[in-house]
$ cat start28.cif   # mmCIF, C-alpha atoms
data_my_file
#
loop_
_atom_site.group_PDB
_atom_site.id
_atom_site.type_symbol
_atom_site.label_atom_id
_atom_site.label_comp_id
_atom_site.auth_asym_id
_atom_site.auth_seq_id
_atom_site.Cartn_x
_atom_site.Cartn_y
_atom_site.Cartn_z
ATOM 1 C CA ALA L 1 8.033 -19.870 -93.842
ATOM 2 C CA GLU L 2 7.057 -23.523 -93.989
ATOM 3 C CA GLU L 3 5.245 -25.194 -91.104
ATOM 4 C CA TYR L 4 5.262 -28.976 -91.002
ATOM 5 C CA THR L 5 1.851 -30.248 -89.943
ATOM 6 C CA VAL L 6 3.308 -33.402 -88.354
ATOM 7 C CA ASP L 7 5.011 -31.445 -85.535
ATOM 8 C CA SER L 8 4.081 -27.758 -86.212
ATOM 9 C CA GLY L 9 7.752 -26.803 -86.447
ATOM 10 C CA VAL L 10 8.464 -23.778 -88.662
ATOM 11 C CA TRP L 11 11.425 -23.499 -90.992
ATOM 12 C CA MET L 12 12.459 -20.131 -92.451
ATOM 13 C CA GLU L 13 15.670 -21.036 -94.311
ATOM 14 C CA SER L 14 14.466 -23.409 -97.007
ATOM 15 C CA GLY L 15 15.545 -22.795 -100.592
ATOM 16 C CA ASP L 16 12.117 -23.826 -101.797
ATOM 17 C CA LEU L 17 8.464 -23.571 -100.849
ATOM 18 C CA ASP L 18 6.739 -26.922 -101.058
ATOM 19 C CA LEU L 19 3.108 -26.309 -101.907
ATOM 20 C CA MET L 20 1.781 -28.570 -100.032
ATOM 21 C CA PHE L 21 3.865 -31.708 -99.469
ATOM 22 C CA ASP L 22 7.589 -31.927 -98.741
ATOM 23 C CA SER L 23 8.883 -35.230 -100.108
ATOM 24 C CA ASP L 24 12.263 -34.742 -98.367
ATOM 25 C CA PHE L 25 10.583 -34.759 -94.958
ATOM 26 C CA GLY L 26 7.598 -36.871 -95.982
ATOM 27 C CA GLY L 27 5.033 -34.494 -94.668
ATOM 28 C CA GLU L 28 2.317 -31.971 -95.329
ATOM 29 C CA GLU L 29 3.145 -28.254 -95.048
ATOM 30 C CA ILE L 30 1.426 -24.926 -94.574
ATOM 31 C CA VAL L 31 3.289 -22.022 -96.171
ATOM 32 C CA ALA L 32 3.215 -18.367 -95.115
ATOM 33 C CA LEU L 33 4.471 -15.451 -97.188
ATOM 34 C CA ARG L 34 4.888 -12.019 -95.625
ATOM 35 C CA PHE L 35 5.179 -8.971 -97.854
ATOM 36 C CA ASP L 36 6.534 -6.229 -95.599
ATOM 37 C CA VAL L 37 5.089 -3.235 -97.463
ATOM 38 C CA LEU L 38 1.792 -3.200 -99.342
ATOM 39 C CA ASN L 39 1.709 0.211 -100.934
ATOM 40 C CA VAL L 40 -2.066 0.466 -101.326
ATOM 41 C CA PRO L 41 -4.026 3.395 -99.854
ATOM 42 C CA PRO L 42 -6.874 2.809 -97.384
ATOM 43 C CA ARG L 43 -10.158 1.652 -98.925
ATOM 44 C CA ALA L 44 -8.727 1.481 -102.453
ATOM 45 C CA VAL L 45 -10.713 -0.844 -104.721
ATOM 46 C CA ILE L 46 -8.482 -3.771 -105.647
ATOM 47 C CA THR L 47 -8.936 -4.740 -109.300
ATOM 48 C CA SER L 48 -6.365 -7.538 -109.312
ATOM 49 C CA ALA L 49 -3.822 -9.141 -107.046
ATOM 50 C CA PHE L 50 -1.636 -12.160 -107.606
ATOM 51 C CA ILE L 51 1.508 -13.816 -106.311
ATOM 52 C CA GLN L 52 4.185 -14.684 -108.833
ATOM 53 C CA PHE L 53 6.334 -17.749 -108.136
ATOM 54 C CA THR L 54 9.269 -19.324 -109.954
ATOM 55 C CA ALA L 55 9.057 -23.112 -110.215
ATOM 56 C CA ASN L 56 11.878 -24.763 -108.288
ATOM 57 C CA SER L 57 11.513 -28.054 -110.116
ATOM 58 C CA SER L 58 9.372 -29.863 -112.631
ATOM 59 C CA ASP L 59 6.492 -31.881 -111.218
ATOM 60 C CA THR L 60 4.386 -34.830 -112.274
ATOM 61 C CA GLY L 61 1.393 -32.704 -113.189
ATOM 62 C CA LEU L 62 -0.807 -34.684 -110.819
ATOM 63 C CA PRO L 63 -3.594 -32.430 -109.537
ATOM 64 C CA VAL L 64 -3.320 -30.439 -106.326
ATOM 65 C CA ILE L 65 -5.851 -27.967 -104.912
ATOM 66 C CA ILE L 66 -4.297 -25.096 -102.987
ATOM 67 C CA ARG L 67 -6.144 -22.689 -100.688
ATOM 68 C CA ILE L 68 -4.836 -19.111 -100.348
ATOM 69 C CA GLN L 69 -5.949 -16.842 -97.500
ATOM 70 C CA THR L 70 -4.628 -13.772 -95.730
ATOM 71 C CA GLU L 71 -4.029 -13.221 -92.078
ATOM 72 C CA ALA L 72 -6.963 -11.110 -90.867
ATOM 73 C CA SER L 73 -4.713 -8.521 -89.198
ATOM 74 C CA VAL L 74 -3.665 -5.185 -90.742
ATOM 75 C CA ALA L 75 -0.501 -5.448 -88.615
ATOM 76 C CA PRO L 76 0.521 -9.121 -88.761
ATOM 77 C CA SER L 77 3.471 -10.171 -86.638
ATOM 78 C CA PRO L 78 6.665 -11.158 -88.448
ATOM 79 C CA LEU L 79 7.141 -14.798 -89.377
ATOM 80 C CA ALA L 80 9.464 -16.669 -87.034
ATOM 81 C CA GLU L 81 10.871 -20.132 -86.389
ATOM 82 C CA ARG L 82 8.476 -20.882 -83.550
ATOM 83 C CA PHE L 83 6.106 -23.812 -83.258
ATOM 84 C CA TYR L 84 2.622 -23.053 -84.648
ATOM 85 C CA ASN L 85 3.792 -19.667 -85.981
ATOM 86 C CA VAL L 86 1.853 -20.188 -89.228
ATOM 87 C CA SER L 87 -1.123 -22.352 -88.215
ATOM 88 C CA SER L 88 -1.994 -20.243 -85.154
ATOM 89 C CA ARG L 89 -2.595 -17.072 -87.169
ATOM 90 C CA ASN L 90 -6.128 -15.693 -87.369
ATOM 91 C CA LEU L 91 -7.099 -16.081 -91.032
ATOM 92 C CA SER L 92 -9.709 -14.183 -92.991
ATOM 93 C CA THR L 93 -12.753 -16.185 -94.002
ATOM 94 C CA ASN L 94 -12.203 -15.269 -97.671
ATOM 95 C CA PHE L 95 -10.061 -17.640 -99.701
ATOM 96 C CA VAL L 96 -9.179 -18.539 -103.265
ATOM 97 C CA GLU L 97 -8.841 -22.153 -104.391
ATOM 98 C CA TRP L 98 -6.160 -22.785 -107.013
ATOM 99 C CA GLN L 99 -5.515 -25.852 -109.150
ATOM 100 C CA PRO L 100 -2.168 -25.089 -110.790
ATOM 101 C CA LEU L 101 -1.273 -26.929 -113.969
ATOM 102 C CA GLN L 102 1.993 -28.816 -114.353
ATOM 103 C CA TRP L 103 5.137 -26.776 -113.563
ATOM 104 C CA GLN L 104 8.462 -27.022 -115.353
ATOM 105 C CA SER L 105 11.647 -25.943 -113.590
ATOM 106 C CA SER L 106 12.193 -22.138 -113.809
ATOM 107 C CA ASP L 107 8.664 -21.462 -115.122
ATOM 108 C CA VAL L 108 7.143 -18.224 -113.840
ATOM 109 C CA ILE L 109 3.783 -19.100 -112.312
ATOM 110 C CA THR L 110 1.030 -16.769 -111.121
ATOM 111 C CA THR L 111 -1.860 -17.466 -108.805
ATOM 112 C CA PRO L 112 -5.422 -16.698 -109.797
ATOM 113 C CA ASN L 113 -6.719 -13.236 -108.944
ATOM 114 C CA LEU L 114 -6.485 -12.759 -105.158
ATOM 115 C CA ALA L 115 -8.411 -9.462 -105.034
ATOM 116 C CA THR L 116 -11.185 -11.105 -102.990
ATOM 117 C CA VAL L 117 -8.723 -12.006 -100.226
ATOM 118 C CA VAL L 118 -6.789 -8.713 -100.282
ATOM 119 C CA GLN L 119 -9.805 -6.341 -100.419
ATOM 120 C CA PRO L 120 -11.145 -7.093 -96.899
ATOM 121 C CA LEU L 121 -7.818 -5.997 -95.363
ATOM 122 C CA ILE L 122 -7.627 -2.784 -97.380
ATOM 123 C CA SER L 123 -11.233 -2.030 -96.424
ATOM 124 C CA GLN L 124 -10.588 -2.221 -92.680
ATOM 125 C CA LEU L 125 -10.792 1.178 -90.968
ATOM 126 C CA ASN L 126 -7.290 0.862 -89.478
ATOM 127 C CA TRP L 127 -5.553 -0.130 -92.748
ATOM 128 C CA GLN L 128 -2.657 2.209 -93.595
ATOM 129 C CA GLN L 129 -0.714 2.413 -96.828
ATOM 130 C CA GLY L 130 2.554 0.533 -96.390
ATOM 131 C CA ASN L 131 1.237 -2.045 -93.905
ATOM 132 C CA PRO L 132 2.498 -5.627 -94.256
ATOM 133 C CA ILE L 133 0.340 -8.499 -95.480
ATOM 134 C CA VAL L 134 0.662 -12.228 -94.763
ATOM 135 C CA PHE L 135 -0.685 -14.928 -97.072
ATOM 136 C CA VAL L 136 -1.198 -18.441 -95.736
ATOM 137 C CA ILE L 137 -1.165 -21.201 -98.325
ATOM 138 C CA SER L 138 -2.483 -24.643 -97.469
ATOM 139 C CA ARG L 139 -3.973 -27.710 -99.076
ATOM 140 C CA SER L 140 -7.683 -27.332 -99.763
ATOM 141 C CA PRO L 141 -9.937 -29.606 -97.715
ATOM 142 C CA LEU L 142 -11.263 -30.756 -101.121
ATOM 143 C CA ASP L 143 -7.841 -32.292 -101.926
ATOM 144 C CA ARG L 144 -7.052 -35.637 -100.297
ATOM 145 C CA SER L 145 -3.836 -36.228 -102.280
ATOM 146 C CA SER L 146 -0.183 -35.765 -101.371
ATOM 147 C CA ASN L 147 0.543 -34.028 -104.685
ATOM 148 C CA SER L 148 2.396 -30.725 -104.619
ATOM 149 C CA ARG L 149 4.266 -28.002 -106.473
ATOM 150 C CA SER L 150 7.660 -26.549 -105.542
ATOM 151 C CA ALA L 151 8.534 -22.862 -105.905
ATOM 152 C CA THR L 152 11.837 -21.158 -105.159
ATOM 153 C CA SER L 153 11.894 -19.126 -101.989
ATOM 154 C CA GLY L 154 14.639 -16.970 -103.504
ATOM 155 C CA GLY L 155 16.010 -14.586 -100.968
ATOM 156 C CA ARG L 156 15.342 -10.958 -100.258
ATOM 157 C CA GLY L 157 15.889 -9.129 -103.536
ATOM 158 C CA SER L 158 16.368 -12.277 -105.637
ATOM 159 C CA GLU L 159 14.512 -12.323 -108.945
ATOM 160 C CA THR L 160 13.100 -15.748 -107.996
ATOM 161 C CA THR L 161 11.606 -14.541 -104.681
ATOM 162 C CA PRO L 162 7.796 -14.742 -104.670
ATOM 163 C CA MET L 163 6.376 -11.371 -105.640
ATOM 164 C CA LEU L 164 3.011 -9.798 -104.863
ATOM 165 C CA VAL L 165 1.473 -7.663 -107.603
ATOM 166 C CA VAL L 166 -1.572 -5.559 -106.691
ATOM 167 C CA SER L 167 -3.538 -3.186 -108.934
ATOM 168 C CA TYR L 168 -6.218 -0.777 -107.769
#

$ encode --input "start28.cif" --output "structure tokens"
Amino acid sequence: AEEYTVDSGVWMESGDLDLMFDSDFGGEEIVALRFDVLNVPPRAVITSAFIQFTANSSDTGLPVIIRIQTEASVAPSPLAERFYNVSSRNLSTNFVEWQPLQWQSSDVITTPNLATVVQPLISQLNWQQGNPIVFVISRSPLDRSSNSRSATSGGRGSETTPMLVVSY
């Protein structure tokens, strides 16, 4: 899901995920990714976690700083095309800052290790294996640019759909 910060409208049907600026609409975005089943047992120790994207297009290589957080809930509500559906979520205080290098169209890109943002959820007493997880991806407050990267949103089951990989 992509939420446009100019009007807080949420769009679920885009063919791409603009991390963090959509040049077609001329505006900043916040992106949410929901993975419906995280098959990690309660209180497992996460050794690594990352999201794998496929680049939708080549970019200029100009720097962008991306912040990745999780929703703080072990039972996050589904994403929906409702105003503020991304920005109103209660986020964990843990985050990872990411400065991706230049992307070329169709490149497979992985985030840095996200274990520090996944572990607090798994450690909650009411975590159950198979719960969903929501990541919220936004521009870091350290980044004052309008630079961005574009990943394919794929479609359920597509090999270009963002994929979460977790090891414990």

$ resolve_selection --input "start28.cif" --expression "the PyMOL selection byres ((chain L and resi 168) around 9)" --output "VMD selection string"
chain L and resid 40 44 to 49 166 to 167

$ closest_residue --input "start28.cif" --among "L:Val64, L:Ile51, L:Val74, L:Met163" --to "Ser138 in chain L" --atoms "all atoms listed in the file"
L:Val64

$ closest_atom_pairs --input "start28.cif" --of "range 75-163 of chain L" --to "range 8-16 of chain L" --cutoff "9 Å" --atoms "all atoms listed in the file" --output "Markdown table"
| residue | atom | partner | partner_atom | distance |
| --- | --- | --- | --- | --- |
| L:Leu79 | CA | L:Met12 | CA | 8.1 |
| L:Ala80 | CA | L:Met12 | CA | 7.1 |
| L:Glu81 | CA | L:Val10 | CA | 4.9 |
| L:Arg82 | CA | L:Val10 | CA | 5.9 |
| L:Phe83 | CA | L:Gly9 | CA | 4.7 |
| L:Tyr84 | CA | L:Ser8 | CA | 5.2 |
| L:Asn85 | CA | L:Val10 | CA | 6.8 |
| L:Val86 | CA | L:Val10 | CA | 7.5 |
| L:Ser87 | CA | L:Ser8 | CA | 7.8 |
| L:Ser150 | CA | L:Asp16 | CA | 6.4 |
| L:Ala151 | CA | L:Asp16 | CA | 5.5 |
| L:Thr152 | CA | L:Asp16 | CA | 4.3 |
| L:Ser153 | CA | L:Asp16 | CA | 4.7 |
| L:Gly154 | CA | L:Gly15 | CA | 6.6 |
| L:Gly155 | CA | L:Gly15 | CA | 8.2 |

$ atom_distance --input "start28.cif" --atom1 "CA of Thr116 in chain L" --atom2 "CA of Ile133 in chain L"
14.0 Å

$ atom_distance --input "start28.cif" --atom1 "CA of Arg43 in chain L" --atom2 "CA of Ser123 in chain L"
4.6 Å

$ resolve_selection --input "start28.cif" --expression "the PyMOL selection byres ((chain L and resi 31) around 6)" --output "JSON, numbers by chain"
{"L": [1, 2, 30, 32, 136, 137]}

$ write_last_selection --input "start28.cif" --atoms "C-alpha atoms" --output "PDB file, keeping the file's coordinate frame"
ATOM      1  CA  ALA L   1       8.033 -19.870 -93.842  1.00  0.00           C
ATOM      2  CA  GLU L   2       7.057 -23.523 -93.989  1.00  0.00           C
ATOM      3  CA  ILE L  30       1.426 -24.926 -94.574  1.00  0.00           C
ATOM      4  CA  ALA L  32       3.215 -18.367 -95.115  1.00  0.00           C
ATOM      5  CA  VAL L 136      -1.198 -18.441 -95.736  1.00  0.00           C
ATOM      6  CA  ILE L 137      -1.165 -21.201 -98.325  1.00  0.00           C
TER       7      ILE L 137
END

$ decode --input "start28.cif" --residues "range 8-20 of chain L" --atoms "all heavy atoms" --output "PDB file, in the first residue's frame"
ATOM      1  N   SER L   8      -3.068  11.975   2.321  1.00  0.00           N
ATOM      2  CA  SER L   8      -3.221  10.762   3.138  1.00  0.00           C
ATOM      3  C   SER L   8      -4.112   9.706   2.498  1.00  0.00           C
ATOM      4  O   SER L   8      -4.585   8.798   3.169  1.00  0.00           O
ATOM      5  CB  SER L   8      -3.714  11.101   4.546  1.00  0.00           C
ATOM      6  OG  SER L   8      -2.769  11.935   5.174  1.00  0.00           O
ATOM      7  N   GLY L   9      -4.333   9.824   1.192  1.00  0.00           N
ATOM      8  CA  GLY L   9      -5.054   8.779   0.464  1.00  0.00           C
ATOM      9  C   GLY L   9      -4.164   7.565   0.289  1.00  0.00           C
ATOM     10  O   GLY L   9      -2.941   7.678   0.134  1.00  0.00           O
ATOM     11  N   VAL L  10      -4.754   6.377   0.322  1.00  0.00           N
ATOM     12  CA  VAL L  10      -4.006   5.118   0.208  1.00  0.00           C
ATOM     13  C   VAL L  10      -4.398   4.415  -1.085  1.00  0.00           C
ATOM     14  O   VAL L  10      -5.584   4.299  -1.407  1.00  0.00           O
ATOM     15  CB  VAL L  10      -4.285   4.206   1.426  1.00  0.00           C
ATOM     16  CG1 VAL L  10      -3.587   2.857   1.264  1.00  0.00           C
ATOM     17  CG2 VAL L  10      -3.821   4.889   2.705  1.00  0.00           C
ATOM     18  N   TRP L  11      -3.383   3.952  -1.791  1.00  0.00           N
ATOM     19  CA  TRP L  11      -3.603   3.244  -3.048  1.00  0.00           C
ATOM     20  C   TRP L  11      -3.019   1.845  -2.923  1.00  0.00           C
ATOM     21  O   TRP L  11      -1.861   1.673  -2.559  1.00  0.00           O
ATOM     22  CB  TRP L  11      -2.943   3.998  -4.196  1.00  0.00           C
ATOM     23  CG  TRP L  11      -3.335   3.528  -5.549  1.00  0.00           C
ATOM     24  CD1 TRP L  11      -4.326   2.644  -5.867  1.00  0.00           C
ATOM     25  CD2 TRP L  11      -2.748   3.899  -6.788  1.00  0.00           C
ATOM     26  NE1 TRP L  11      -4.391   2.457  -7.216  1.00  0.00           N
ATOM     27  CE2 TRP L  11      -3.428   3.229  -7.809  1.00  0.00           C
ATOM     28  CE3 TRP L  11      -1.713   4.751  -7.133  1.00  0.00           C
ATOM     29  CZ2 TRP L  11      -3.103   3.366  -9.163  1.00  0.00           C
ATOM     30  CZ3 TRP L  11      -1.394   4.885  -8.471  1.00  0.00           C
ATOM     31  CH2 TRP L  11      -2.085   4.214  -9.468  1.00  0.00           C
ATOM     32  N   MET L  12      -3.824   0.837  -3.251  1.00  0.00           N
ATOM     33  CA  MET L  12      -3.410  -0.563  -3.106  1.00  0.00           C
ATOM     34  C   MET L  12      -3.089  -1.230  -4.446  1.00  0.00           C
ATOM     35  O   MET L  12      -2.563  -2.324  -4.457  1.00  0.00           O
ATOM     36  CB  MET L  12      -4.530  -1.355  -2.427  1.00  0.00           C
ATOM     37  CG  MET L  12      -4.918  -0.858  -1.065  1.00  0.00           C
ATOM     38  SD  MET L  12      -3.874  -1.464   0.232  1.00  0.00           S
ATOM     39  CE  MET L  12      -4.229  -3.206   0.171  1.00  0.00           C
ATOM     40  N   GLU L  13      -3.428  -0.614  -5.561  1.00  0.00           N
ATOM     41  CA  GLU L  13      -3.354  -1.288  -6.855  1.00  0.00           C
ATOM     42  C   GLU L  13      -2.204  -0.831  -7.746  1.00  0.00           C
ATOM     43  O   GLU L  13      -2.233  -1.064  -8.935  1.00  0.00           O
ATOM     44  CB  GLU L  13      -4.686  -1.105  -7.606  1.00  0.00           C
ATOM     45  CG  GLU L  13      -5.885  -1.668  -6.861  1.00  0.00           C
ATOM     46  CD  GLU L  13      -5.790  -3.165  -6.596  1.00  0.00           C
ATOM     47  OE1 GLU L  13      -5.293  -3.906  -7.472  1.00  0.00           O
ATOM     48  OE2 GLU L  13      -6.205  -3.590  -5.516  1.00  0.00           O
ATOM     49  N   SER L  14      -1.218  -0.198  -7.195  1.00  0.00           N
ATOM     50  CA  SER L  14      -0.101   0.286  -7.990  1.00  0.00           C
ATOM     51  C   SER L  14       0.777  -0.876  -8.445  1.00  0.00           C
ATOM     52  O   SER L  14       0.941  -1.862  -7.732  1.00  0.00           O
ATOM     53  CB  SER L  14       0.733   1.264  -7.155  1.00  0.00           C
ATOM     54  OG  SER L  14       1.845   1.704  -7.888  1.00  0.00           O
ATOM     55  N   GLY L  15       1.359  -0.749  -9.614  1.00  0.00           N
ATOM     56  CA  GLY L  15       2.279  -1.771 -10.110  1.00  0.00           C
ATOM     57  C   GLY L  15       3.682  -1.611  -9.571  1.00  0.00           C
ATOM     58  O   GLY L  15       4.544  -2.447  -9.795  1.00  0.00           O
ATOM     59  N   ASP L  16       3.893  -0.496  -8.845  1.00  0.00           N
ATOM     60  CA  ASP L  16       5.214  -0.269  -8.268  1.00  0.00           C
ATOM     61  C   ASP L  16       5.068   0.285  -6.860  1.00  0.00           C
ATOM     62  O   ASP L  16       3.989   0.686  -6.434  1.00  0.00           O
ATOM     63  CB  ASP L  16       6.047   0.668  -9.140  1.00  0.00           C
ATOM     64  CG  ASP L  16       5.455   2.069  -9.248  1.00  0.00           C
ATOM     65  OD1 ASP L  16       4.457   2.377  -8.569  1.00  0.00           O
ATOM     66  OD2 ASP L  16       5.998   2.873 -10.023  1.00  0.00           O
ATOM     67  N   LEU L  17       6.170   0.270  -6.145  1.00  0.00           N
ATOM     68  CA  LEU L  17       6.254   0.860  -4.810  1.00  0.00           C
ATOM     69  C   LEU L  17       7.314   1.945  -4.884  1.00  0.00           C
ATOM     70  O   LEU L  17       8.498   1.640  -5.072  1.00  0.00           O
ATOM     71  CB  LEU L  17       6.642  -0.194  -3.773  1.00  0.00           C
ATOM     72  CG  LEU L  17       5.676  -1.359  -3.601  1.00  0.00           C
ATOM     73  CD1 LEU L  17       6.304  -2.448  -2.727  1.00  0.00           C
ATOM     74  CD2 LEU L  17       4.361  -0.873  -3.010  1.00  0.00           C
ATOM     75  N   ASP L  18       6.881   3.179  -4.807  1.00  0.00           N
ATOM     76  CA  ASP L  18       7.822   4.292  -4.886  1.00  0.00           C
ATOM     77  C   ASP L  18       8.361   4.576  -3.489  1.00  0.00           C
ATOM     78  O   ASP L  18       7.624   4.975  -2.601  1.00  0.00           O
ATOM     79  CB  ASP L  18       7.131   5.527  -5.468  1.00  0.00           C
ATOM     80  CG  ASP L  18       6.746   5.296  -6.917  1.00  0.00           C
ATOM     81  OD1 ASP L  18       7.663   5.043  -7.723  1.00  0.00           O
ATOM     82  OD2 ASP L  18       5.546   5.353  -7.230  1.00  0.00           O
ATOM     83  N   LEU L  19       9.641   4.315  -3.338  1.00  0.00           N
ATOM     84  CA  LEU L  19      10.313   4.494  -2.051  1.00  0.00           C
ATOM     85  C   LEU L  19      11.141   5.779  -2.145  1.00  0.00           C
ATOM     86  O   LEU L  19      12.259   5.743  -2.585  1.00  0.00           O
ATOM     87  CB  LEU L  19      11.224   3.309  -1.733  1.00  0.00           C
ATOM     88  CG  LEU L  19      10.619   1.906  -1.844  1.00  0.00           C
ATOM     89  CD1 LEU L  19      11.680   0.838  -1.652  1.00  0.00           C
ATOM     90  CD2 LEU L  19       9.507   1.741  -0.834  1.00  0.00           C
ATOM     91  N   MET L  20      10.641   6.822  -1.990  1.00  0.00           N
ATOM     92  CA  MET L  20       9.753   7.530  -1.125  1.00  0.00           C
ATOM     93  C   MET L  20       9.046   8.651  -1.845  1.00  0.00           C
ATOM     94  O   MET L  20       8.309   9.388  -1.233  1.00  0.00           O
ATOM     95  CB  MET L  20      10.486   8.109   0.081  1.00  0.00           C
ATOM     96  CG  MET L  20      11.261   7.103   0.926  1.00  0.00           C
ATOM     97  SD  MET L  20      10.565   5.498   1.434  1.00  0.00           S
ATOM     98  CE  MET L  20       8.815   5.621   1.504  1.00  0.00           C
TER      99      MET L  20
END
